[in-house]
$ cat entry21.cif   # mmCIF, C-alpha atoms and all ligand atoms
data_input
#
loop_
_atom_site.label_atom_id
_atom_site.label_comp_id
_atom_site.auth_asym_id
_atom_site.auth_seq_id
_atom_site.Cartn_x
_atom_site.Cartn_y
_atom_site.Cartn_z
CA MET J 1 50.64 -6.17 69.36
CA GLN J 2 54.02 -6.75 70.93
CA THR J 3 56.03 -3.63 71.37
CA GLU J 4 59.23 -4.84 72.95
CA SER J 5 61.78 -2.27 71.94
CA ASN J 6 65.22 -1.42 73.06
CA GLN J 7 68.04 -2.83 70.97
CA GLU J 8 68.83 -1.56 67.53
CA TRP J 9 67.36 -3.06 64.42
CA ASP J 10 69.11 -4.10 61.22
CA ARG J 11 66.15 -3.96 58.89
CA VAL J 12 62.40 -3.45 58.85
CA TRP J 13 59.57 -4.94 56.81
CA ALA J 14 56.64 -2.49 56.87
CA GLY J 15 53.02 -2.50 55.76
CA ALA J 16 52.41 -6.25 55.73
CA ASN J 17 49.44 -8.30 56.78
CA ILE J 18 51.23 -10.50 59.24
CA ALA J 19 49.89 -13.98 59.92
CA THR J 20 51.87 -14.53 63.09
CA MET J 21 50.26 -18.00 63.48
CA VAL J 22 50.31 -17.42 67.23
CA ALA J 23 47.32 -19.27 68.62
CA ALA J 24 45.06 -16.36 69.43
CA GLN J 25 41.55 -15.03 68.98
CA GLU J 26 42.28 -13.53 65.55
CA PRO J 27 42.31 -16.12 62.76
CA TYR J 28 45.91 -16.81 61.67
CA GLY J 29 47.08 -14.50 64.50
CA LYS J 30 46.53 -11.68 62.00
CA LEU J 31 48.06 -8.23 62.44
CA ALA J 32 46.84 -5.92 59.68
CA GLY J 33 49.22 -3.33 58.18
CA ALA J 34 51.94 -4.33 60.61
CA SER J 35 55.73 -4.25 60.61
CA LEU J 36 58.47 -6.57 61.71
CA ALA J 37 62.03 -5.60 62.59
CA VAL J 38 65.01 -7.92 62.52
CA LYS J 39 68.24 -7.81 64.48
CA GLY J 40 70.78 -10.41 63.43
CA GLU J 41 68.99 -13.74 63.11
CA ARG J 42 66.13 -12.75 65.38
CA ILE J 43 62.80 -10.96 65.25
CA ALA J 44 63.47 -7.83 67.31
CA TRP J 45 60.10 -6.12 67.17
CA ILE J 46 56.59 -6.45 65.75
CA GLY J 47 54.18 -3.54 65.76
CA ALA J 48 52.49 -0.66 63.99
CA SER J 49 53.98 0.44 60.67
CA GLU J 50 54.00 4.17 61.44
CA GLU J 51 56.20 3.66 64.44
CA ALA J 52 58.39 1.20 62.55
CA ARG J 53 59.03 3.68 59.72
CA ARG J 54 59.71 6.51 62.14
CA ARG J 55 62.22 4.49 64.13
CA ALA J 56 63.84 3.09 61.00
CA ALA J 57 64.37 6.65 59.74
CA THR J 58 65.97 7.63 63.06
CA LEU J 59 68.24 4.61 62.94
CA GLY J 60 68.96 5.11 59.24
CA ILE J 61 68.21 1.49 58.33
CA PRO J 62 66.48 0.07 55.26
CA VAL J 63 62.71 -0.41 55.17
CA GLU J 64 61.18 -3.00 52.89
CA GLU J 65 57.69 -1.86 51.93
CA CYS J 66 55.43 -4.91 51.74
CA ARG J 67 52.43 -3.07 50.25
CA GLY J 68 49.81 -5.22 51.89
CA ARG J 69 51.42 -8.53 51.07
CA TRP J 70 50.89 -11.32 53.55
CA MET J 71 53.76 -12.42 55.74
CA THR J 72 53.78 -15.87 57.37
CA PRO J 73 56.37 -17.79 59.34
CA GLY J 74 58.80 -19.72 57.14
CA LEU J 75 57.23 -23.04 56.24
CA ILE J 76 58.46 -26.17 58.00
CA ASP J 77 58.39 -29.58 56.32
CA CYS J 78 58.60 -31.81 59.39
CA HIS J 79 58.60 -35.24 57.72
CA THR J 80 60.71 -36.03 54.65
CA HIS J 81 62.89 -38.79 53.28
CA LEU J 82 64.64 -36.33 50.98
CA VAL J 83 68.01 -38.09 50.74
CA TYR J 84 68.08 -41.27 48.64
CA GLY J 85 69.54 -42.86 45.53
CA GLY J 86 67.58 -43.59 42.35
CA ASN J 87 63.83 -43.20 42.09
CA ARG J 88 60.78 -45.47 41.94
CA VAL J 89 59.03 -44.48 38.77
CA GLU J 90 58.80 -48.12 37.70
CA GLU J 91 56.93 -49.02 40.87
CA PHE J 92 54.61 -46.10 40.24
CA GLU J 93 53.65 -47.68 36.98
CA LYS J 94 53.15 -51.10 38.62
CA ARG J 95 50.89 -49.71 41.28
CA LEU J 96 48.76 -48.10 38.62
CA CYS J 97 48.41 -51.55 37.10
CA GLY J 98 46.90 -52.75 40.40
CA VAL J 99 49.80 -54.15 42.46
CA SER J 100 49.49 -53.12 46.14
CA TYR J 101 52.21 -51.51 48.30
CA GLU J 102 52.25 -54.64 50.53
CA GLU J 103 52.69 -56.97 47.56
CA ILE J 104 55.51 -54.85 46.18
CA ALA J 105 57.21 -54.78 49.59
CA ARG J 106 56.84 -58.54 50.12
CA ALA J 107 58.30 -59.19 46.66
CA GLY J 108 61.46 -57.34 47.75
CA GLY J 109 60.56 -54.18 45.88
CA GLY J 110 59.50 -50.94 47.46
CA ILE J 111 61.93 -49.70 50.07
CA GLN J 112 64.47 -52.44 49.19
CA SER J 113 65.00 -51.11 45.67
CA THR J 114 65.78 -47.66 47.05
CA VAL J 115 68.11 -49.26 49.60
CA ALA J 116 70.11 -50.82 46.77
CA ALA J 117 70.33 -47.52 44.88
CA THR J 118 71.25 -45.60 48.03
CA ARG J 119 73.98 -48.05 49.02
CA ALA J 120 75.46 -47.65 45.55
CA ALA J 121 75.50 -43.84 45.72
CA THR J 122 78.32 -41.55 46.83
CA LEU J 123 77.94 -38.77 49.38
CA ASP J 124 78.23 -36.19 46.59
CA ALA J 125 75.54 -37.90 44.54
CA LEU J 126 73.19 -38.11 47.53
CA VAL J 127 73.68 -34.43 48.30
CA ALA J 128 73.26 -33.39 44.66
CA SER J 129 69.96 -35.21 44.13
CA ALA J 130 68.56 -34.11 47.50
CA GLU J 131 69.57 -30.53 46.76
CA VAL J 132 67.33 -30.44 43.69
CA ARG J 133 64.38 -31.55 45.80
CA ALA J 134 65.26 -29.22 48.69
CA LYS J 135 65.33 -26.26 46.29
CA ARG J 136 61.84 -27.12 45.06
CA LEU J 137 60.59 -27.07 48.65
CA MET J 138 62.47 -23.83 49.31
CA SER J 139 60.91 -22.19 46.27
CA GLU J 140 57.59 -22.47 48.11
CA GLY J 141 58.86 -20.89 51.31
CA VAL J 142 60.27 -23.82 53.26
CA THR J 143 62.91 -22.57 55.70
CA THR J 144 63.14 -25.62 57.98
CA LEU J 145 63.31 -29.18 56.78
CA GLU J 146 63.46 -32.53 58.53
CA VAL J 147 65.36 -35.29 56.71
CA LYS J 148 65.26 -38.96 57.70
CA SER J 149 67.77 -41.68 56.99
CA GLY J 150 66.46 -45.23 56.56
CA TYR J 151 67.45 -46.29 53.06
CA GLY J 152 70.91 -47.47 54.07
CA LEU J 153 69.98 -50.15 56.62
CA ASP J 154 73.68 -50.61 57.29
CA LEU J 155 75.74 -48.36 59.50
CA ALA J 156 77.95 -46.91 56.77
CA THR J 157 75.09 -45.90 54.47
CA GLU J 158 72.88 -44.60 57.28
CA ARG J 159 75.83 -42.42 58.32
CA LEU J 160 76.26 -41.25 54.74
CA MET J 161 72.59 -40.29 54.48
CA LEU J 162 72.71 -38.29 57.70
CA GLU J 163 75.94 -36.62 56.62
CA ALA J 164 74.27 -35.74 53.31
CA ALA J 165 71.40 -34.12 55.23
CA ARG J 166 73.82 -32.14 57.42
CA ARG J 167 75.74 -31.03 54.34
CA LEU J 168 72.51 -29.89 52.71
CA GLY J 169 71.85 -27.65 55.69
CA ARG J 170 75.32 -26.12 55.39
CA ALA J 171 75.14 -25.66 51.61
CA LEU J 172 71.71 -24.05 51.42
CA PRO J 173 70.02 -21.16 53.26
CA LEU J 174 67.83 -23.71 55.02
CA SER J 175 67.68 -25.18 58.53
CA VAL J 176 67.89 -28.97 58.37
CA THR J 177 67.17 -31.39 61.20
CA THR J 178 68.20 -35.02 60.97
CA THR J 179 66.32 -38.13 62.02
CA TYR J 180 67.87 -41.57 62.27
CA LEU J 181 65.13 -43.82 60.88
CA GLY J 182 66.76 -46.95 62.26
CA LEU J 183 63.77 -49.25 61.83
CA HIS J 184 62.47 -48.62 58.33
CA ALA J 185 62.78 -52.02 56.64
CA LEU J 186 64.59 -55.27 57.34
CA PRO J 187 67.61 -55.55 55.03
CA GLN J 188 68.06 -58.74 53.02
CA GLU J 189 71.24 -59.72 54.87
CA PHE J 190 69.30 -59.81 58.17
CA ARG J 191 66.33 -61.66 56.73
CA GLU J 192 66.73 -64.63 59.08
CA ARG J 193 68.10 -62.51 61.93
CA ARG J 194 65.44 -59.91 62.77
CA ASP J 195 66.32 -59.76 66.46
CA GLU J 196 69.96 -59.23 65.71
CA PHE J 197 69.13 -56.34 63.35
CA VAL J 198 66.99 -54.63 65.97
CA ARG J 199 69.80 -55.11 68.52
CA GLU J 200 72.41 -53.64 66.15
CA VAL J 201 70.23 -50.66 65.24
CA SER J 202 69.28 -49.97 68.86
CA GLY J 203 72.78 -50.54 70.19
CA PRO J 204 76.07 -49.89 68.39
CA TRP J 205 74.62 -48.16 65.31
CA LEU J 206 72.51 -45.68 67.25
CA GLU J 207 75.37 -45.00 69.64
CA ALA J 208 77.86 -44.41 66.82
CA LEU J 209 75.59 -42.07 64.86
CA ALA J 210 74.56 -40.15 67.96
CA ALA J 211 78.19 -39.82 69.07
CA ALA J 212 79.02 -38.40 65.62
CA GLY J 213 76.43 -35.66 66.22
CA LEU J 214 74.31 -36.83 63.30
CA VAL J 215 71.07 -37.62 65.13
CA ASP J 216 68.61 -34.91 66.19
CA ALA J 217 65.87 -37.52 66.71
CA VAL J 218 65.02 -41.12 65.85
CA ASP J 219 62.15 -42.75 63.98
CA ALA J 220 60.71 -46.24 63.45
CA PHE J 221 58.20 -47.65 60.98
CA CYS J 222 55.83 -49.62 63.23
CA GLU J 223 53.61 -51.54 60.82
CA ASN J 224 52.67 -55.08 59.79
CA ILE J 225 55.00 -54.86 56.78
CA ALA J 226 57.81 -53.34 58.84
CA PHE J 227 58.49 -53.63 62.60
CA THR J 228 56.42 -54.89 65.53
CA LEU J 229 55.44 -52.95 68.63
CA THR J 230 58.06 -54.83 70.68
CA GLU J 231 60.84 -54.15 68.18
CA THR J 232 59.85 -50.49 67.95
CA GLU J 233 59.83 -50.23 71.74
CA THR J 234 63.35 -51.69 71.98
CA PHE J 235 64.59 -48.91 69.68
CA LEU J 236 62.61 -46.13 71.37
CA ARG J 237 63.91 -47.21 74.77
CA ALA J 238 67.51 -47.15 73.52
CA ALA J 239 66.98 -43.66 72.09
CA GLN J 240 65.40 -42.47 75.32
CA ASN J 241 68.42 -43.74 77.25
CA LEU J 242 70.61 -41.50 75.08
CA GLY J 243 68.30 -38.54 75.65
CA LEU J 244 67.02 -38.56 72.07
CA ARG J 245 63.43 -37.70 71.11
CA ALA J 246 61.46 -39.85 68.71
CA HIS J 247 59.03 -39.82 65.81
CA VAL J 248 57.02 -42.93 64.97
CA HIS J 249 55.50 -43.95 61.63
CA ALA J 250 52.20 -45.13 63.13
CA GLY J 251 48.90 -46.38 61.81
CA GLN J 252 49.60 -45.96 58.10
CA LEU J 253 48.16 -49.32 57.01
CA SER J 254 46.79 -50.81 60.24
CA ASP J 255 46.25 -49.98 63.91
CA MET J 256 48.86 -51.90 65.89
CA GLY J 257 48.76 -49.60 68.90
CA ALA J 258 51.79 -47.66 67.65
CA ALA J 259 50.20 -44.33 68.61
CA GLU J 260 49.84 -45.48 72.21
CA LEU J 261 53.48 -46.61 72.17
CA ALA J 262 54.59 -43.24 70.74
CA ALA J 263 52.63 -41.49 73.49
CA ARG J 264 54.14 -43.69 76.19
CA TYR J 265 57.63 -42.64 75.06
CA ARG J 266 56.52 -39.00 74.80
CA ALA J 267 57.45 -39.01 71.13
CA LEU J 268 57.61 -35.64 69.41
CA SER J 269 55.26 -36.94 66.74
CA ALA J 270 53.24 -39.89 65.50
CA ASP J 271 53.03 -39.76 61.72
CA HIS J 272 50.38 -40.95 59.21
CA LEU J 273 47.63 -42.19 61.61
CA GLU J 274 45.06 -43.26 59.03
CA TYR J 275 44.33 -46.17 61.38
CA LEU J 276 43.89 -44.92 64.92
CA SER J 277 41.60 -45.82 67.81
CA GLU J 278 39.96 -43.31 70.12
CA GLN J 279 42.22 -44.60 72.86
CA GLY J 280 45.25 -43.91 70.65
CA ALA J 281 44.08 -40.37 69.94
CA ARG J 282 43.52 -39.71 73.63
CA ALA J 283 46.99 -41.03 74.48
CA LEU J 284 48.58 -38.68 71.92
CA GLY J 285 46.62 -35.74 73.28
CA GLN J 286 47.67 -36.43 76.85
CA ALA J 287 51.33 -36.88 75.87
CA GLY J 288 51.40 -33.70 73.76
CA THR J 289 52.58 -35.79 70.81
CA VAL J 290 51.92 -34.09 67.45
CA ALA J 291 49.95 -35.96 64.78
CA VAL J 292 51.79 -35.42 61.50
CA LEU J 293 49.36 -35.89 58.62
CA LEU J 294 50.84 -36.98 55.30
CA PRO J 295 48.23 -36.62 52.58
CA GLY J 296 50.79 -37.07 49.79
CA ALA J 297 51.30 -40.74 50.71
CA TYR J 298 47.56 -41.24 51.23
CA PHE J 299 46.95 -39.77 47.78
CA THR J 300 49.72 -41.73 46.03
CA LEU J 301 48.61 -45.04 47.58
CA ARG J 302 45.01 -44.20 46.74
CA GLN J 303 43.99 -44.97 50.31
CA THR J 304 40.38 -44.55 51.27
CA THR J 305 40.41 -44.28 55.08
CA PRO J 306 41.56 -40.79 56.07
CA PRO J 307 43.02 -40.08 59.52
CA PRO J 308 40.23 -39.48 62.06
CA VAL J 309 40.70 -35.72 62.17
CA PRO J 310 37.55 -34.96 64.25
CA MET J 311 38.72 -37.51 66.84
CA LEU J 312 42.22 -35.97 66.92
CA ARG J 313 40.74 -32.50 67.38
CA GLN J 314 38.48 -33.79 70.14
CA ALA J 315 41.52 -35.26 71.91
CA GLY J 316 43.41 -31.96 71.61
CA VAL J 317 46.18 -33.41 69.47
CA PRO J 318 48.22 -30.77 67.58
CA LEU J 319 47.96 -31.42 63.82
CA ALA J 320 50.97 -30.94 61.55
CA VAL J 321 51.12 -31.43 57.78
CA ALA J 322 54.19 -32.54 55.82
CA THR J 323 55.13 -33.78 52.35
CA ASP J 324 56.61 -37.17 53.41
CA SER J 325 58.77 -36.53 50.33
CA ASN J 326 60.09 -39.97 49.38
CA PRO J 327 60.68 -41.89 46.17
CA GLY J 328 58.05 -44.57 46.66
CA THR J 329 54.85 -43.43 48.32
CA SER J 330 55.02 -39.64 48.16
CA PRO J 331 57.25 -38.21 45.44
CA CYS J 332 56.09 -34.77 46.52
CA THR J 333 58.23 -31.65 46.70
CA SER J 334 55.38 -29.20 47.21
CA LEU J 335 54.37 -28.38 50.76
CA LEU J 336 51.64 -26.08 49.42
CA LEU J 337 50.15 -29.04 47.58
CA ALA J 338 50.25 -31.03 50.83
CA LEU J 339 48.32 -28.19 52.50
CA ASN J 340 45.68 -28.39 49.79
CA MET J 341 45.43 -32.17 50.14
CA ALA J 342 45.19 -31.90 53.94
CA CYS J 343 42.11 -29.74 53.38
CA THR J 344 40.50 -31.54 50.44
CA LEU J 345 41.29 -35.14 51.49
CA PHE J 346 41.43 -34.91 55.29
CA GLY J 347 39.06 -32.02 56.01
CA LEU J 348 41.46 -29.65 57.74
CA THR J 349 40.53 -25.98 57.66
CA PRO J 350 42.97 -23.80 55.69
CA GLU J 351 44.07 -22.25 58.98
CA GLU J 352 44.71 -25.67 60.52
CA ALA J 353 46.68 -26.65 57.42
CA LEU J 354 48.88 -23.54 57.56
CA ALA J 355 49.38 -23.99 61.31
CA GLY J 356 50.32 -27.57 60.43
CA ALA J 357 53.23 -26.37 58.33
CA THR J 358 54.31 -23.65 60.79
CA ARG J 359 53.45 -23.67 64.50
CA GLN J 360 52.55 -27.37 64.83
CA ALA J 361 55.35 -28.54 62.51
CA ALA J 362 57.81 -26.69 64.75
CA ARG J 363 56.33 -28.54 67.73
CA ALA J 364 56.69 -31.85 65.86
CA LEU J 365 60.43 -31.16 65.61
CA GLY J 366 60.76 -29.83 69.16
CA LEU J 367 61.70 -26.42 67.70
CA HIS J 368 58.65 -24.46 68.82
CA ARG J 369 60.68 -22.09 70.97
CA GLU J 370 62.77 -21.17 67.92
CA VAL J 371 60.50 -21.14 64.88
CA GLY J 372 56.94 -21.74 63.71
CA THR J 373 55.36 -18.42 64.72
CA LEU J 374 56.29 -14.79 64.23
CA GLU J 375 57.08 -13.51 67.72
CA VAL J 376 59.76 -11.28 69.18
CA GLY J 377 62.86 -13.32 70.06
CA LYS J 378 62.15 -16.10 67.61
CA ARG J 379 64.32 -16.77 64.59
CA ALA J 380 63.63 -14.37 61.72
CA ASP J 381 62.37 -16.98 59.25
CA PHE J 382 59.44 -15.65 57.24
CA VAL J 383 57.82 -15.59 53.82
CA LEU J 384 56.04 -12.83 51.87
CA TRP J 385 53.16 -13.90 49.66
CA ASP J 386 51.21 -12.22 46.86
CA ILE J 387 47.82 -13.28 48.17
CA GLU J 388 44.70 -11.57 49.42
CA ARG J 389 44.02 -13.99 52.25
CA PRO J 390 46.08 -16.79 53.79
CA ALA J 391 43.56 -19.49 52.85
CA GLU J 392 44.85 -19.08 49.28
CA LEU J 393 47.96 -21.02 50.30
CA ALA J 394 45.81 -24.12 50.78
CA TYR J 395 43.28 -23.29 48.10
CA ALA J 396 45.28 -23.21 44.90
CA LEU J 397 46.57 -26.27 43.08
CA GLY J 398 49.98 -25.76 41.54
CA ALA J 399 50.23 -22.03 42.21
CA ASN J 400 53.21 -20.46 43.89
CA PRO J 401 52.43 -16.95 45.12
CA LEU J 402 55.77 -16.58 46.93
CA ALA J 403 57.16 -13.04 46.80
CA GLY J 404 60.17 -13.30 49.10
CA VAL J 405 61.82 -15.37 51.82
CA VAL J 406 63.91 -14.41 54.82
CA HIS J 407 65.93 -17.12 56.57
CA ARG J 408 67.81 -16.30 59.76
CA GLY J 409 67.31 -12.61 59.11
CA LYS J 410 68.74 -12.70 55.59
CA SER J 411 66.74 -12.41 52.35
CA ARG J 412 67.30 -15.34 50.13
CA SER J 413 66.52 -15.42 46.46
CA ALA J 414 63.56 -17.68 45.84
ZN ZN N 501 57.74 -41.30 56.11
#
$ encode --input "entry21.cif" --output "structure tokens" --more "lines below"
Ligand SMILES: [Zn+2]
Amino acid sequence: MQTESNQEWDRVWAGANIATMVAAQEPYGKLAGASLAVKGERIAWIGASEEARRRAATLGIPVEECRGRWMTPGLIDCHTHLVYGGNRVEEFEKRLCGVSYEEIARAGGGIQSTVAATRAATLDALVASAEVRAKRLMSEGVTTLEVKSGYGLDLATERLMLEAARRLGRALPLSVTTTYLGLHALPQEFRERRDEFVREVSGPWLEALAAAGLVDAVDAFCENIAFTLTETETFLRAAQNLGLRAHVHAGQLSDMGAAELAARYRALSADHLEYLSEQGARALGQAGTVAVLLPGAYFTLRQTTPPPVPMLRQAGVPLAVATDSNPGTSPCTSLLLALNMACTLFGLTPEEALAGATRQAARALGLHREVGTLEVGKRADFVLWDIERPAELAYALGANPLAGVVHRGKSRSA
């Protein structure tokens, strides 16, 4: 147990089973009957409950008795498309009648229909609809959320989407990171001018959005229905020149070598990865790029080839799990459900799944020094759960055993 102690504390949580999620010998980094003290926004101390209560009494500060509840780091949803206009319930019906995602995309549906609805929306409307979804995620203990743009496909709407994401982070007790998904789909107006679109996105648009402080990272959809390896590389190189880190939608429908490209640019994450070669997995492992697994999209598209999890483990690739919350292929606002699916559909262990929404998700966002584990000095983002063992978080379908959330040292009502 860590026993760093000097500064005063504001508040103590005592008598919890703490799943620190620090990679250690104990499963889940478990500390039984332990306490955690907070000072400001930070975790000030973690240790034995007797000492915590004694010191709290001396300091005259409040003690929250956890009565054996489990405490985990605040959950991190590291891949979402939470901001958009409209929805795609019609397409959902079509797909159930047998039309494939590729066919819908080629017929100008899919992403394009959301682009039209997003371009027609106001900033207020985008924030309002995203807020409903963000609150659903928060109700299950999400304290950090990544939000991508990519439904504007013109500079003004991409800016609006990123502003909506920033505003969400200011309006809610939630940490939001923004990703400029510059290469998501080719807009109709650039249909005959692909190269020009890639140049615009990688040049003036990226520069303008980055200069406005709206871009924490970039992303590209490298796929046969989206953008080629060369186009993706043009964008990644431009981002790298501005000192921006990248995510890459890679290997969702085919293996184009996108994982190797992501690794070459030291991307924070490569996401999806249903189609991945051994060489791709090794490249990710060597680059320290996180594999973000998105079982919600796999489930919605009724795919049958899961990501090669044993190969990823073998290559030492960190595995994260996210909702991919989006209107078309993963209308999912439950990270706990994604944890279940990562276990049942992809074969992750419950501990790997929980690490995938805490420690590894933090790594996928480049925030692992700040959040993702419960350690002294890290941000005091944590969740209390009414469960007997942490595997219950991945086990149950549709349950929500949340008993309390602390974000930046402050309790927030669930
Ligand atoms: Zn996505």
$ residues_around --input "entry21.cif" --residues "segment 293-308 of chain J" --least-positions-apart "4" --cutoff "10 Å" --atoms "all atoms listed in the file" --output "PyMOL selection string"
chain J and resi 79-80+92+95-96+100-101+251-253+270-278+281+312-313+319-326+328-335+337-347+353+356
$ closest_residue --input "entry21.cif" --among "J:Gly152, J:Asp77, J:Val292, J:Ala185" --to "Ala134 of chain J" --atoms "only C-alpha atoms"
J:Asp77
$ residues_around --input "entry21.cif" --residues "Ala116 of chain J" --least-positions-apart "3" --cutoff "12 Å" --atoms "only C-alpha atoms" --output "list in words"
Tyr84, Gly85, Gly86, Asn87, Arg88, Gly108, Gly109, Gly110, Ile111, Gln112, Ser113, Arg119, Ala120, Ala121, Gly150, Tyr151, Gly152, Leu153, Asp154, Thr157, Pro187 and Gln188 of chain J
$ atom_distance --input "entry21.cif" --atom1 "atom CA of Glu351 of chain J" --atom2 "atom CA of Ala246 of chain J"
26.6 Å
$ closest_residue --input "entry21.cif" --among "J:Leu354, J:Ala48, J:Ala217, J:Met71" --to "Glu388 of chain J" --atoms "all atoms listed in the file"
J:Met71
$ residues_around --input "entry21.cif" --residues "Ala125 of chain J" --least-positions-apart "3" --cutoff "12 Å" --atoms "only C-alpha atoms" --output "VMD selection string"
chain J and resid 83 to 86 117 to 122 128 to 132 160 to 161 164 167 to 168
$ write_last_selection --input "entry21.cif" --atoms "C-alpha atoms" --output "PDB file, in the coordinates of the input"
ATOM      1  CA  VAL J  83      68.010 -38.090  50.740  1.00  0.00           C
ATOM      2  CA  TYR J  84      68.080 -41.270  48.640  1.00  0.00           C
ATOM      3  CA  GLY J  85      69.540 -42.860  45.530  1.00  0.00           C
ATOM      4  CA  GLY J  86      67.580 -43.590  42.350  1.00  0.00           C
ATOM      5  CA  ALA J 117      70.330 -47.520  44.880  1.00  0.00           C
ATOM      6  CA  THR J 118      71.250 -45.600  48.030  1.00  0.00           C
ATOM      7  CA  ARG J 119      73.980 -48.050  49.020  1.00  0.00           C
ATOM      8  CA  ALA J 120      75.460 -47.650  45.550  1.00  0.00           C
ATOM      9  CA  ALA J 121      75.500 -43.840  45.720  1.00  0.00           C
ATOM     10  CA  THR J 122      78.320 -41.550  46.830  1.00  0.00           C
ATOM     11  CA  ALA J 128      73.260 -33.390  44.660  1.00  0.00           C
ATOM     12  CA  SER J 129      69.960 -35.210  44.130  1.00  0.00           C
ATOM     13  CA  ALA J 130      68.560 -34.110  47.500  1.00  0.00           C
ATOM     14  CA  GLU J 131      69.570 -30.530  46.760  1.00  0.00           C
ATOM     15  CA  VAL J 132      67.330 -30.440  43.690  1.00  0.00           C
ATOM     16  CA  LEU J 160      76.260 -41.250  54.740  1.00  0.00           C
ATOM     17  CA  MET J 161      72.590 -40.290  54.480  1.00  0.00           C
ATOM     18  CA  ALA J 164      74.270 -35.740  53.310  1.00  0.00           C
ATOM     19  CA  ARG J 167      75.740 -31.030  54.340  1.00  0.00           C
ATOM     20  CA  LEU J 168      72.510 -29.890  52.710  1.00  0.00           C
TER      21      LEU J 168
END
$ atom_distance --input "entry21.cif" --atom1 "atom CA of Ala238 of chain J" --atom2 "atom CA of Leu123 of chain J"
27.6 Å
$ closest_residue --input "entry21.cif" --among "J:Arg67, J:Arg369, J:Arg55, J:Lys148" --to "ligand ZN 501 (chain N)" --atoms "all atoms listed in the file"
J:Lys148
$ residues_around --input "entry21.cif" --residues "Leu284 of chain J" --least-positions-apart "4" --cutoff "9 Å" --atoms "all atoms listed in the file" --output "PDB file with C-alpha atoms, in the frame of the given file"
ATOM      1  CA  ALA J 259      50.200 -44.330  68.610  1.00  0.00           C
ATOM      2  CA  GLU J 260      49.840 -45.480  72.210  1.00  0.00           C
ATOM      3  CA  ALA J 262      54.590 -43.240  70.740  1.00  0.00           C
ATOM      4  CA  ALA J 263      52.630 -41.490  73.490  1.00  0.00           C
ATOM      5  CA  ARG J 264      54.140 -43.690  76.190  1.00  0.00           C
ATOM      6  CA  ARG J 266      56.520 -39.000  74.800  1.00  0.00           C
ATOM      7  CA  ALA J 267      57.450 -39.010  71.130  1.00  0.00           C
ATOM      8  CA  SER J 269      55.260 -36.940  66.740  1.00  0.00           C
ATOM      9  CA  ALA J 270      53.240 -39.890  65.500  1.00  0.00           C
ATOM     10  CA  GLN J 279      42.220 -44.600  72.860  1.00  0.00           C
ATOM     11  CA  GLY J 280      45.250 -43.910  70.650  1.00  0.00           C
ATOM     12  CA  GLY J 288      51.400 -33.700  73.760  1.00  0.00           C
ATOM     13  CA  THR J 289      52.580 -35.790  70.810  1.00  0.00           C
ATOM     14  CA  VAL J 290      51.920 -34.090  67.450  1.00  0.00           C
ATOM     15  CA  ALA J 291      49.950 -35.960  64.780  1.00  0.00           C
ATOM     16  CA  LEU J 312      42.220 -35.970  66.920  1.00  0.00           C
ATOM     17  CA  ALA J 315      41.520 -35.260  71.910  1.00  0.00           C
ATOM     18  CA  GLY J 316      43.410 -31.960  71.610  1.00  0.00           C
ATOM     19  CA  VAL J 317      46.180 -33.410  69.470  1.00  0.00           C
TER      20      VAL J 317
END
$ closest_residue --input "entry21.cif" --among "J:Pro327, J:Pro173, J:Gly47, J:Gly366" --to "ligand ZN 501 (chain N)" --atoms "all atoms listed in the file"
J:Pro327
$ atom_distance --input "entry21.cif" --atom1 "atom CA of Leu384 of chain J" --atom2 "atom CA of Val371 of chain J"
16.1 Å
$ closest_residue --input "entry21.cif" --among "J:Asp219, J:Glu200, J:Glu189, J:Glu51" --to "Ser35 of chain J" --atoms "all atoms listed in the file"
J:Glu51
$ residues_around --input "entry21.cif" --residues "Ala165 of chain J" --least-positions-apart "3" --cutoff "8 Å" --atoms "only C-alpha atoms" --output "list in words"
Val83, Val127, Val147, Met161, Leu162, Leu168, Gly169, Val176, Thr177 and Thr178 of chain J
$ closest_residue --input "entry21.cif" --among "J:Ala396, J:Gly257, J:Leu75, J:Ser202" --to "Thr144 of chain J" --atoms "all atoms listed in the file"
J:Leu75
